[in-house]
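Some notes on the structure that comes next.
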Amino acid sequence: MAIWKAQRTLLIVGEGYDEVAFLNHLKQLYVPRGCGLSVTIKNARGKGALHVINWTAGQSANAEYDVVAALLDTDTDWNAKTEKLARTKRIQVLKSEPCFEAMMLRLIGKSATGDAYTLKKQFAPYVNNDATLRDHYAANFGMGCLQAGRGKEPTIDALLALLGH
């Protein structure tokens, strides 16, 4: 007879495909089966911070989660109104300032300046020119890099804390 064990449930919504691929990479590294944590990762498919918060609120209304978080860029629609909505809906916001690619470049010690298009081009070589595939994060964003980056990037620290590390 199997022993039933309560699990803590976590919903993390990524703003787009790149964020979801990275979140799945983290899940693979830090959340082994049977660890007592059930992580659900969903894609809000872009459209700015306000859309991500509204979409996340809708997802968390459909199912019960112990913790709900959203990984989003602060370059579009991030303002006091959006922040207040996230607090009201009890969504932990994981901010990529100003965007996901900038945060990831800083994580590996690279300069992160320029507009979103420039940052995407700078970031592409570090994920085998396709940031939408989980496996492409393994080479440059392993456990050592992530642990070392906790002090530099508060969002990485918050993500690893959510995953129990």
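So you can find residues: chains in the structure tokens are A, B, ... in the order shown, residues in each start at 1, and ligands are numbered from 1 in order.
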Using only C-alpha atoms, tabulate the residues of stretch 37-77 of chain A lying at most 7 Å from any atom of stretch 97-112 of chain A, each with its closest atom pair and that distance in Å to one decimal, by chain and increasing residue number, as JSON lines.
```
{"residue": "A:Asp73", "atom": "CA", "partner": "A:Cys99", "partner_atom": "CA", "distance": 4.6}
{"residue": "A:Thr74", "atom": "CA", "partner": "A:Pro98", "partner_atom": "CA", "distance": 5.1}
{"residue": "A:Asp75", "atom": "CA", "partner": "A:Pro98", "partner_atom": "CA", "distance": 5.0}
```
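Every residue of stretch 33-146 of chain A with a DSSP assignment of strand (DSSP E or B), taken from the backbone, is listed as Leu37, Ser38, Val39, Thr40, Ile41, Lys42, Asn43, Val67, Val68, Ala69, Ala70, Leu71, Leu72, Asp73, Gln92, Val93, Leu94, Lys95 and Ser96 of chain A.
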Just-selected residues, N, CA and C atoms written as a short mmCIF file (atom, residue, chain, number, x, y, z; two decimals), in the first residue's frame:
```
data_model
loop_
_atom_site.label_atom_id
_atom_site.label_comp_id
_atom_site.auth_asym_id
_atom_site.auth_seq_id
_atom_site.Cartn_x
_atom_site.Cartn_y
_atom_site.Cartn_z
N LEU A 37 7.34 18.74 -3.35
CA LEU A 37 6.97 19.99 -4.00
C LEU A 37 6.46 19.67 -5.40
N SER A 38 5.29 20.16 -5.72
CA SER A 38 4.72 20.01 -7.05
C SER A 38 4.74 21.37 -7.74
N VAL A 39 5.51 21.48 -8.82
CA VAL A 39 5.67 22.76 -9.51
C VAL A 39 4.95 22.70 -10.86
N THR A 40 4.07 23.67 -11.08
CA THR A 40 3.39 23.82 -12.36
C THR A 40 3.91 25.09 -13.01
N ILE A 41 4.34 24.97 -14.27
CA ILE A 41 4.87 26.12 -15.00
C ILE A 41 3.95 26.38 -16.19
N LYS A 42 3.53 27.64 -16.32
CA LYS A 42 2.64 28.01 -17.42
C LYS A 42 3.18 29.24 -18.13
N ASN A 43 2.71 29.44 -19.36
CA ASN A 43 3.17 30.51 -20.23
C ASN A 43 2.06 31.52 -20.44
N VAL A 67 1.49 28.51 -3.34
CA VAL A 67 2.22 29.72 -3.71
C VAL A 67 2.04 29.96 -5.21
N VAL A 68 1.84 31.22 -5.56
CA VAL A 68 1.70 31.61 -6.97
C VAL A 68 2.72 32.71 -7.25
N ALA A 69 3.47 32.55 -8.34
CA ALA A 69 4.49 33.53 -8.70
C ALA A 69 4.45 33.78 -10.21
N ALA A 70 4.96 34.94 -10.60
CA ALA A 70 5.04 35.29 -12.02
C ALA A 70 6.41 35.87 -12.31
N LEU A 71 7.08 35.33 -13.32
CA LEU A 71 8.37 35.84 -13.78
C LEU A 71 8.09 36.73 -14.98
N LEU A 72 8.36 38.03 -14.83
CA LEU A 72 8.01 38.97 -15.90
C LEU A 72 9.03 40.08 -16.04
N ASP A 73 9.00 40.72 -17.21
CA ASP A 73 9.87 41.86 -17.50
C ASP A 73 9.24 43.13 -16.94
N GLN A 92 3.38 36.44 -6.13
CA GLN A 92 4.76 36.87 -5.89
C GLN A 92 5.37 37.23 -7.25
N VAL A 93 5.80 38.46 -7.40
CA VAL A 93 6.35 38.92 -8.67
C VAL A 93 7.87 38.72 -8.67
N LEU A 94 8.34 38.04 -9.69
CA LEU A 94 9.77 37.81 -9.90
C LEU A 94 10.17 38.68 -11.07
N LYS A 95 10.76 39.85 -10.77
CA LYS A 95 11.01 40.86 -11.79
C LYS A 95 12.34 40.64 -12.50
N SER A 96 12.27 40.64 -13.83
CA SER A 96 13.46 40.66 -14.68
C SER A 96 13.63 42.12 -15.09
#
```
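Distances from A:Ala139, A:Asp66, A:Gln28, A:His51 to A:Gln7 were compared using only C-alpha atoms, and the smallest one belongs to A:Asp66.
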Hey, what's within 9 Å of A:Leu85 if we count only C-alpha atoms and toss same-chain stuff fewer than 6 positions away? As number ranges by chain, please? A: 50, 53-54, 91
What's the 10 Å shell around A:Glu64, counting only C-alpha atoms, without same-chain residues fewer than 6 positions away, as a PyMOL selection string? chain A and resi 9-11
Can you write just those residues out, N, CA and C atoms, as a compact mmCIF listing (two decimals), in the first residue's frame?
```txt
# COMPACT_ATOMS: atom_id res chain seq x y z
N THR A 9 2.26 22.96 -3.26
CA THR A 9 2.05 23.23 -4.68
C THR A 9 2.47 24.65 -5.02
N LEU A 10 3.11 24.77 -6.17
CA LEU A 10 3.65 26.04 -6.63
C LEU A 10 3.28 26.24 -8.09
N LEU A 11 2.70 27.38 -8.40
CA LEU A 11 2.45 27.78 -9.78
C LEU A 11 3.39 28.92 -10.11
```
What's around A:Val31 at 7 Å? Count only C-alpha atoms, leave out sequence neighbours fewer than 4 positions away in its own chain, and write the answer as an MDAnalysis selection string. chainID A and resid 27 35 163
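Residues lying within 9 Å of A:Leu29, counting only C-alpha atoms and ignoring same-chain neighbours fewer than 3 positions away, are Asn24, His25, Leu26, Pro32, Gly142 and Met143 of chain A.
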Could those selected residues go to a file with C-alpha atoms, as an mmCIF file, in the first residue's frame?
```
data_model
loop_
_atom_site.group_PDB
_atom_site.id
_atom_site.type_symbol
_atom_site.label_atom_id
_atom_site.label_comp_id
_atom_site.auth_asym_id
_atom_site.auth_seq_id
_atom_site.Cartn_x
_atom_site.Cartn_y
_atom_site.Cartn_z
ATOM 1 C CA ASN A 24 11.659 24.217 -16.740
ATOM 2 C CA HIS A 25 15.469 24.088 -16.584
ATOM 3 C CA LEU A 26 15.325 25.136 -12.914
ATOM 4 C CA PRO A 32 13.231 15.832 -8.200
ATOM 5 C CA GLY A 142 24.098 25.174 -14.156
ATOM 6 C CA MET A 143 23.749 24.899 -10.381
#
```
Just list the residues in stretch 3-89 of chain A DSSP gives helix (DSSP H, G or I) on the backbone, as a PyMOL selection string. chain A and resi 17-30+49-62+80-88
